[in-house]
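Asks: One structure coming up, written as structure tokens, with questions to follow.
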Amino acid sequence: MAKEPVRVLVTGAAGQIGYALVPMIARGVMLGADQPVILHMLDIPPAAEALNGVKMELVDAAFPLLKGVVATTDVVEACTGVNIAVMVGGFPRKEGMERKDVMSKNVSIYKSQASALEQHAAPNCKVLVVANPANTNALILKEFAPSIPAKNIICLTRLDHNRALGQISEKLNVQVSDVKNVIIWGNHSSTQYPDVNHATVKTPSAEKPVRELVKDDAWLNGEFITTVQQRGAAIIKARKLSSALSAASAACDHIRDWVLGTPEGTWVSMGVYSDGSYNAPAGVIYSFPVTCRNGEWTIVQGLVIDEFSRKKLDLTGAELTEEKELAYSCLS
């Protein structure tokens, strides 16, 4: 029997990431090759014409799984009945802007979108926040959509996770699919901590620890971390535009694993509402290693955290606490 279509909202849909993301969703990359979708695309009024152009292209692509397209600048219409919301739209930091100015703009955007989701989305809607500052935008959305379960509001750190996998695969000249269980801890910012202490690589004989194979702790504790932390800036410098293709792909990976489950023995990184695991600050959106089953995520527990890692986890946690205070000050 054919499955009922899932309604997927993409905000900022006429932008670079949205343009890369919507065909992936329509093709089944996010929810599977047998799952029909109805795409809801939202953007701001000045982008209405471009948004309509994206809709025309979706029609022209004749995706078999795409059962309908809603392209709108009206937040209520966009949020009505959606099962999954990918929040790509946000206010980008511009030259000369203070952090508080950017935070203030995003607080007001996420407050209004939270209210629309709260009132009009399907029950148990899953929300993935991509727009920066992603962790704190997700926290604001959670505050103003209290009927959406806290566990259903997550921010994207899968892009950083995938970047870490990519760096290890290049360093060892192995297939990226053979590397697993890197971790991104904390904030989707330059304080994030890409951790390989529990990561392994599949070799012809057995799975082996990344550290054992790389044999270069100075690189793993230095250049590897900064490369992952600064990768977004490096792409902007090279492309003169921010990472769109890789961000869209990571958003699909994130939702697919959340909805369909992570492979046995494998975890992924997600920015989730912290319960204080690993002595991370509670009450912020913090990236942890998680496994997913039946549409629910669970933080991987019991991993040993060495002294070097402890300092990194605390540093990124402190930044998130500071961001939270800044965001809340914008509300008053």
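Please note that chains go A, B, ... in the order of the structure tokens, that every chain numbers its residues from 1, and that ligands are numbered from 1 in the order shown.
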List as a ChimeraX atom specification the protein and nucleic acid residues near A:Val228, meaning an atom at most 10 Å away when only C-alpha atoms are counted, but skip any in the same chain fewer than 5 places from it.

Replies: /A:159-167,184,190,192-194,223,234

Asks: For the selection you just gave me, I'd like the residues written to a file as a compact mmCIF listing (two decimals), in the first residue's frame, keeping N, CA, C and O atoms.

Replies:
```txt
# COMPACT_ATOMS: atom_id res chain seq x y z
N LEU A 159 26.70 18.49 9.78
CA LEU A 159 27.65 19.00 8.79
C LEU A 159 29.07 18.93 9.36
O LEU A 159 30.00 18.49 8.68
N ASP A 160 29.24 19.35 10.62
CA ASP A 160 30.56 19.28 11.25
C ASP A 160 31.01 17.82 11.40
O ASP A 160 32.17 17.49 11.19
N HIS A 161 30.07 16.97 11.78
CA HIS A 161 30.33 15.53 11.92
C HIS A 161 30.83 14.96 10.58
O HIS A 161 31.84 14.25 10.53
N ASN A 162 30.12 15.30 9.50
CA ASN A 162 30.52 14.82 8.17
C ASN A 162 31.88 15.39 7.75
O ASN A 162 32.68 14.70 7.11
N ARG A 163 32.12 16.65 8.11
CA ARG A 163 33.42 17.26 7.81
C ARG A 163 34.55 16.50 8.51
O ARG A 163 35.62 16.26 7.94
N ALA A 164 34.30 16.10 9.77
CA ALA A 164 35.30 15.35 10.53
C ALA A 164 35.55 13.99 9.88
O ALA A 164 36.71 13.56 9.73
N LEU A 165 34.49 13.31 9.48
CA LEU A 165 34.64 12.03 8.77
C LEU A 165 35.47 12.21 7.50
O LEU A 165 36.35 11.41 7.19
N GLY A 166 35.17 13.29 6.77
CA GLY A 166 35.87 13.56 5.52
C GLY A 166 37.35 13.80 5.72
O GLY A 166 38.19 13.32 4.94
N GLN A 167 37.70 14.55 6.77
CA GLN A 167 39.12 14.83 7.04
C GLN A 167 39.89 13.55 7.38
O GLN A 167 41.02 13.35 6.93
N ILE A 184 30.96 15.41 17.43
CA ILE A 184 31.02 16.87 17.56
C ILE A 184 30.35 17.21 18.89
O ILE A 184 29.17 16.92 19.09
N SER A 190 33.01 28.04 16.14
CA SER A 190 34.44 27.71 16.14
C SER A 190 34.93 27.16 17.48
O SER A 190 36.10 26.81 17.61
N GLN A 192 33.32 24.47 18.78
CA GLN A 192 32.93 23.05 18.76
C GLN A 192 34.17 22.16 18.92
O GLN A 192 35.27 22.54 18.52
N TYR A 193 33.95 20.96 19.46
CA TYR A 193 35.08 20.05 19.63
C TYR A 193 34.87 18.77 18.81
O TYR A 193 34.08 17.92 19.18
N PRO A 194 35.58 18.65 17.67
CA PRO A 194 35.54 17.41 16.90
C PRO A 194 36.47 16.39 17.58
O PRO A 194 37.67 16.61 17.69
N GLU A 223 45.71 20.51 14.01
CA GLU A 223 45.24 20.90 12.68
C GLU A 223 43.88 20.29 12.33
O GLU A 223 43.02 20.95 11.74
N ALA A 234 36.55 28.63 5.46
CA ALA A 234 37.44 28.29 4.34
C ALA A 234 36.64 28.17 3.03
O ALA A 234 37.10 28.57 1.96
```

Asks: Can you tell me, as an NGL selection string, what residues are no more than 10 Å from stretch 139-143 of chain A when counting only C-alpha atoms, ignoring any on the same chain fewer than 3 positions away?

Replies: :A and (106-115 or 117-118 or 127 or 129 or 134-136 or 146-155 or 272-273 or 283-286 or 324 or 327-328 or 331)

Asks: Write down as a PyMOL selection string the residues of stretch 142-237 of chain A whose backbone DSSP state falls under helix (DSSP H, G or I).

Replies: chain A and resi 142-143+150-152+158-172+176-178+210-214+217-221+223-229+231-237

Asks: Which residues are near stretch 69-80 of chain A? Cut-off 6 Å, only C-alpha atoms, ignore same chain within fewer than 3 positions. Put them as a list in words.

Replies: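 Selected residues are Ile38, Leu39, His40, Met41, Leu42, Asp43, Ile44, Pro45, Ala116, Leu117, His120 and Ala121 of chain A.
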
Asks: Can you pull out every residue within 7 Å of A:Arg256, counting only C-alpha atoms, but drop anything in the same chain fewer than 3 positions away, and send it as a ChimeraX atom specification?

Replies: /A:30-31,252-253,259-260

Asks: Residues as selected, all heavy atoms, written as a PDB file, in the first residue's frame, can you do that?

Replies:
```
ATOM      1  N   MET A  30      16.141  12.251   1.766  1.00  0.00           N
ATOM      2  CA  MET A  30      15.912  12.493   3.187  1.00  0.00           C
ATOM      3  C   MET A  30      15.089  11.391   3.850  1.00  0.00           C
ATOM      4  O   MET A  30      15.429  10.939   4.948  1.00  0.00           O
ATOM      5  CB  MET A  30      15.225  13.854   3.383  1.00  0.00           C
ATOM      6  CG  MET A  30      14.938  14.208   4.831  1.00  0.00           C
ATOM      7  SD  MET A  30      14.132  15.819   5.010  1.00  0.00           S
ATOM      8  CE  MET A  30      15.526  16.937   4.987  1.00  0.00           C
ATOM      9  N   LEU A  31      14.011  10.968   3.206  1.00  0.00           N
ATOM     10  CA  LEU A  31      13.054  10.077   3.888  1.00  0.00           C
ATOM     11  C   LEU A  31      12.926   8.700   3.242  1.00  0.00           C
ATOM     12  O   LEU A  31      12.152   7.867   3.718  1.00  0.00           O
ATOM     13  CB  LEU A  31      11.678  10.752   3.959  1.00  0.00           C
ATOM     14  CG  LEU A  31      11.632  12.008   4.839  1.00  0.00           C
ATOM     15  CD1 LEU A  31      10.306  12.723   4.677  1.00  0.00           C
ATOM     16  CD2 LEU A  31      11.866  11.663   6.306  1.00  0.00           C
ATOM     17  N   CYS A 252      19.786  16.316   5.206  1.00  0.00           N
ATOM     18  CA  CYS A 252      19.132  15.062   4.785  1.00  0.00           C
ATOM     19  C   CYS A 252      19.633  13.885   5.609  1.00  0.00           C
ATOM     20  O   CYS A 252      18.831  13.054   6.070  1.00  0.00           O
ATOM     21  CB  CYS A 252      19.394  14.793   3.306  1.00  0.00           C
ATOM     22  SG  CYS A 252      18.462  15.854   2.205  1.00  0.00           S
ATOM     23  N   ASP A 253      20.948  13.811   5.806  1.00  0.00           N
ATOM     24  CA  ASP A 253      21.526  12.730   6.629  1.00  0.00           C
ATOM     25  C   ASP A 253      20.929  12.754   8.031  1.00  0.00           C
ATOM     26  O   ASP A 253      20.569  11.712   8.593  1.00  0.00           O
ATOM     27  CB  ASP A 253      23.047  12.893   6.746  1.00  0.00           C
ATOM     28  CG  ASP A 253      23.791  12.642   5.449  1.00  0.00           C
ATOM     29  OD1 ASP A 253      23.199  12.052   4.525  1.00  0.00           O
ATOM     30  OD2 ASP A 253      24.977  13.028   5.366  1.00  0.00           O
ATOM     31  N   VAL A 259      14.701   9.759  11.658  1.00  0.00           N
ATOM     32  CA  VAL A 259      13.409   9.126  11.351  1.00  0.00           C
ATOM     33  C   VAL A 259      13.555   7.620  11.149  1.00  0.00           C
ATOM     34  O   VAL A 259      12.761   6.827  11.662  1.00  0.00           O
ATOM     35  CB  VAL A 259      12.779   9.786  10.098  1.00  0.00           C
ATOM     36  CG1 VAL A 259      11.544   9.028   9.634  1.00  0.00           C
ATOM     37  CG2 VAL A 259      12.423  11.244  10.387  1.00  0.00           C
ATOM     38  N   LEU A 260      14.591   7.215  10.403  1.00  0.00           N
ATOM     39  CA  LEU A 260      14.721   5.807  10.007  1.00  0.00           C
ATOM     40  C   LEU A 260      15.677   5.017  10.887  1.00  0.00           C
ATOM     41  O   LEU A 260      15.721   3.783  10.802  1.00  0.00           O
ATOM     42  CB  LEU A 260      15.163   5.720   8.537  1.00  0.00           C
ATOM     43  CG  LEU A 260      14.237   6.415   7.530  1.00  0.00           C
ATOM     44  CD1 LEU A 260      14.802   6.326   6.125  1.00  0.00           C
ATOM     45  CD2 LEU A 260      12.835   5.810   7.574  1.00  0.00           C
TER      46      LEU A 260
END
```

Asks: Of the candidates A:Ser249, A:Trp185, A:Pro209, A:Ser104, which shows the shortest atom-to-atom distance to A:Gly28, using only C-alpha atoms?

Replies: A:Ser249

Asks: Would you mind telling me which residue in A:Gly12, A:Gly302, A:Gly265, A:Gly317 lies nearest to A:Pro92 when using only C-alpha atoms?

Replies: A:Gly12

Asks: Given the choices A:Gly53, A:Gly90, A:Gly222, A:Pro36, which gets closest to A:Ile17 if the distance is worked out from only C-alpha atoms?

Replies: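 Nearest to A:Ile17: A:Gly90.
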
Asks: Tell me which of A:Ile183, A:Ala14, A:Ala318, A:Ala244 sits closest to A:Ala282, counting only C-alpha atoms.

Replies: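 For A:Ala282, the nearest of the given residues is A:Ala318.
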
Asks: So which residues of stretch 116-283 of chain A fall under strand (DSSP E or B) by DSSP, listed as a list in words?

Replies: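 Restricting stretch 116-283 of chain A to strand (DSSP E or B) produces Lys126, Val127, Leu128, Val129, Ile153, Ile154, Cys155, Val179, Lys180, Ile183, Ile184, Trp185, Gly186, Tyr193, Pro194, Asp195, Thr200, Val201, Lys202, Glu207, Lys208, Pro209, Val268, Ser269, Met270, Gly271, Val272 and Tyr273 of chain A.
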
Asks: Pick from A:Ala280, A:Leu128, A:Ala233, A:Cys330: nearest to A:Lys312, with only C-alpha atoms counted?

Replies: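 Of A:Ala280, A:Leu128, A:Ala233, A:Cys330, the one nearest A:Lys312, counting only C-alpha atoms, is A:Ala280.
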
Asks: So that I can see what lies close to A:Tyr19, please list as a PyMOL selection string the residues with an atom at most 9 Å from it, counting only C-alpha atoms and leaving out residues fewer than 3 positions away in the same chain.

Replies: chain A and resi 13-16+22-23+54+244-245+248

Asks: Would you save the residues of that selection, restricted to all heavy atoms, as a PDB file, in the first residue's frame?

Replies:
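Ended up saving to again13.pdb:
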```pdb
ATOM      1  N   ALA A  13      13.722  28.966   1.628  1.00  0.00           N
ATOM      2  CA  ALA A  13      13.812  27.970   0.552  1.00  0.00           C
ATOM      3  C   ALA A  13      14.350  28.515  -0.766  1.00  0.00           C
ATOM      4  O   ALA A  13      14.786  27.746  -1.618  1.00  0.00           O
ATOM      5  CB  ALA A  13      12.436  27.332   0.326  1.00  0.00           C
ATOM      6  N   ALA A  14      14.321  29.834  -0.948  1.00  0.00           N
ATOM      7  CA  ALA A  14      14.855  30.399  -2.196  1.00  0.00           C
ATOM      8  C   ALA A  14      16.349  30.671  -2.098  1.00  0.00           C
ATOM      9  O   ALA A  14      16.980  31.052  -3.083  1.00  0.00           O
ATOM     10  CB  ALA A  14      14.117  31.693  -2.544  1.00  0.00           C
ATOM     11  N   GLY A  15      16.919  30.464  -0.918  1.00  0.00           N
ATOM     12  CA  GLY A  15      18.356  30.718  -0.718  1.00  0.00           C
ATOM     13  C   GLY A  15      19.211  29.560  -1.218  1.00  0.00           C
ATOM     14  O   GLY A  15      18.700  28.554  -1.724  1.00  0.00           O
ATOM     15  N   GLN A  16      20.521  29.709  -1.029  1.00  0.00           N
ATOM     16  CA  GLN A  16      21.484  28.723  -1.533  1.00  0.00           C
ATOM     17  C   GLN A  16      21.258  27.319  -0.968  1.00  0.00           C
ATOM     18  O   GLN A  16      21.208  26.344  -1.716  1.00  0.00           O
ATOM     19  CB  GLN A  16      22.900  29.188  -1.147  1.00  0.00           C
ATOM     20  CG  GLN A  16      23.402  30.343  -1.976  1.00  0.00           C
ATOM     21  CD  GLN A  16      24.289  29.847  -3.096  1.00  0.00           C
ATOM     22  OE1 GLN A  16      24.863  28.785  -3.057  1.00  0.00           O
ATOM     23  NE2 GLN A  16      24.385  30.655  -4.124  1.00  0.00           N
ATOM     24  N   VAL A  22      15.906  21.257  -1.516  1.00  0.00           N
ATOM     25  CA  VAL A  22      14.561  20.800  -1.921  1.00  0.00           C
ATOM     26  C   VAL A  22      14.596  19.667  -2.958  1.00  0.00           C
ATOM     27  O   VAL A  22      13.790  18.730  -2.851  1.00  0.00           O
ATOM     28  CB  VAL A  22      13.628  21.969  -2.336  1.00  0.00           C
ATOM     29  CG1 VAL A  22      13.296  22.823  -1.133  1.00  0.00           C
ATOM     30  CG2 VAL A  22      14.185  22.797  -3.469  1.00  0.00           C
ATOM     31  N   PRO A  23      15.515  19.669  -3.937  1.00  0.00           N
ATOM     32  CA  PRO A  23      15.517  18.523  -4.848  1.00  0.00           C
ATOM     33  C   PRO A  23      15.944  17.222  -4.165  1.00  0.00           C
ATOM     34  O   PRO A  23      15.479  16.142  -4.532  1.00  0.00           O
ATOM     35  CB  PRO A  23      16.510  18.913  -5.951  1.00  0.00           C
ATOM     36  CG  PRO A  23      17.327  20.006  -5.380  1.00  0.00           C
ATOM     37  CD  PRO A  23      16.463  20.704  -4.380  1.00  0.00           C
ATOM     38  N   VAL A  54      11.849  28.544  -7.973  1.00  0.00           N
ATOM     39  CA  VAL A  54      12.224  27.230  -7.427  1.00  0.00           C
ATOM     40  C   VAL A  54      11.054  26.253  -7.576  1.00  0.00           C
ATOM     41  O   VAL A  54      11.235  25.092  -7.964  1.00  0.00           O
ATOM     42  CB  VAL A  54      12.653  27.341  -5.939  1.00  0.00           C
ATOM     43  CG1 VAL A  54      12.971  25.964  -5.365  1.00  0.00           C
ATOM     44  CG2 VAL A  54      13.860  28.261  -5.781  1.00  0.00           C
ATOM     45  N   ALA A 244      26.613  25.314   0.883  1.00  0.00           N
ATOM     46  CA  ALA A 244      25.192  25.050   0.651  1.00  0.00           C
ATOM     47  C   ALA A 244      24.963  23.572   0.345  1.00  0.00           C
ATOM     48  O   ALA A 244      24.143  22.919   0.986  1.00  0.00           O
ATOM     49  CB  ALA A 244      24.681  25.908  -0.502  1.00  0.00           C
ATOM     50  N   LEU A 245      25.712  23.042  -0.612  1.00  0.00           N
ATOM     51  CA  LEU A 245      25.541  21.649  -1.003  1.00  0.00           C
ATOM     52  C   LEU A 245      25.785  20.717   0.187  1.00  0.00           C
ATOM     53  O   LEU A 245      24.982  19.820   0.471  1.00  0.00           O
ATOM     54  CB  LEU A 245      26.529  21.347  -2.135  1.00  0.00           C
ATOM     55  CG  LEU A 245      26.544  19.976  -2.790  1.00  0.00           C
ATOM     56  CD1 LEU A 245      27.154  20.099  -4.180  1.00  0.00           C
ATOM     57  CD2 LEU A 245      27.323  18.949  -2.000  1.00  0.00           C
ATOM     58  N   ALA A 248      23.053  21.093   2.899  1.00  0.00           N
ATOM     59  CA  ALA A 248      21.808  20.430   2.484  1.00  0.00           C
ATOM     60  C   ALA A 248      21.925  18.913   2.626  1.00  0.00           C
ATOM     61  O   ALA A 248      21.016  18.241   3.129  1.00  0.00           O
ATOM     62  CB  ALA A 248      21.478  20.800   1.035  1.00  0.00           C
TER      63      ALA A 248
END
```

Asks: For a test of reading the model, state the distance in Å between atom CA of A:Val10 and atom CA of A:Met87, rounded to one decimal.

Replies: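 Atom-to-atom, atom CA of A:Val10 and atom CA of A:Met87 are spaced 6.0 Å apart.
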
Asks: What's the 9 Å shell around A:Thr191, counting only C-alpha atoms, without same-chain residues fewer than 3 positions away, as a PyMOL selection string?

Replies: chain A and resi 186-188+229+312-313+315-317+319

Asks: Hey, which of A:Ile255, A:Ala138, A:Val8, A:Ile168 ends up closest to A:Leu220? Count only C-alpha atoms.

Replies: A:Ile168

Asks: What is the distance between atom CA of A:Ser269 and atom CA of A:Arg239, in Å to one decimal?

Replies: 26.1 Å

Asks: Atom CA of A:Glu4 and atom CA of A:Trp267, how far apart in Å?

Replies: 28.9 Å
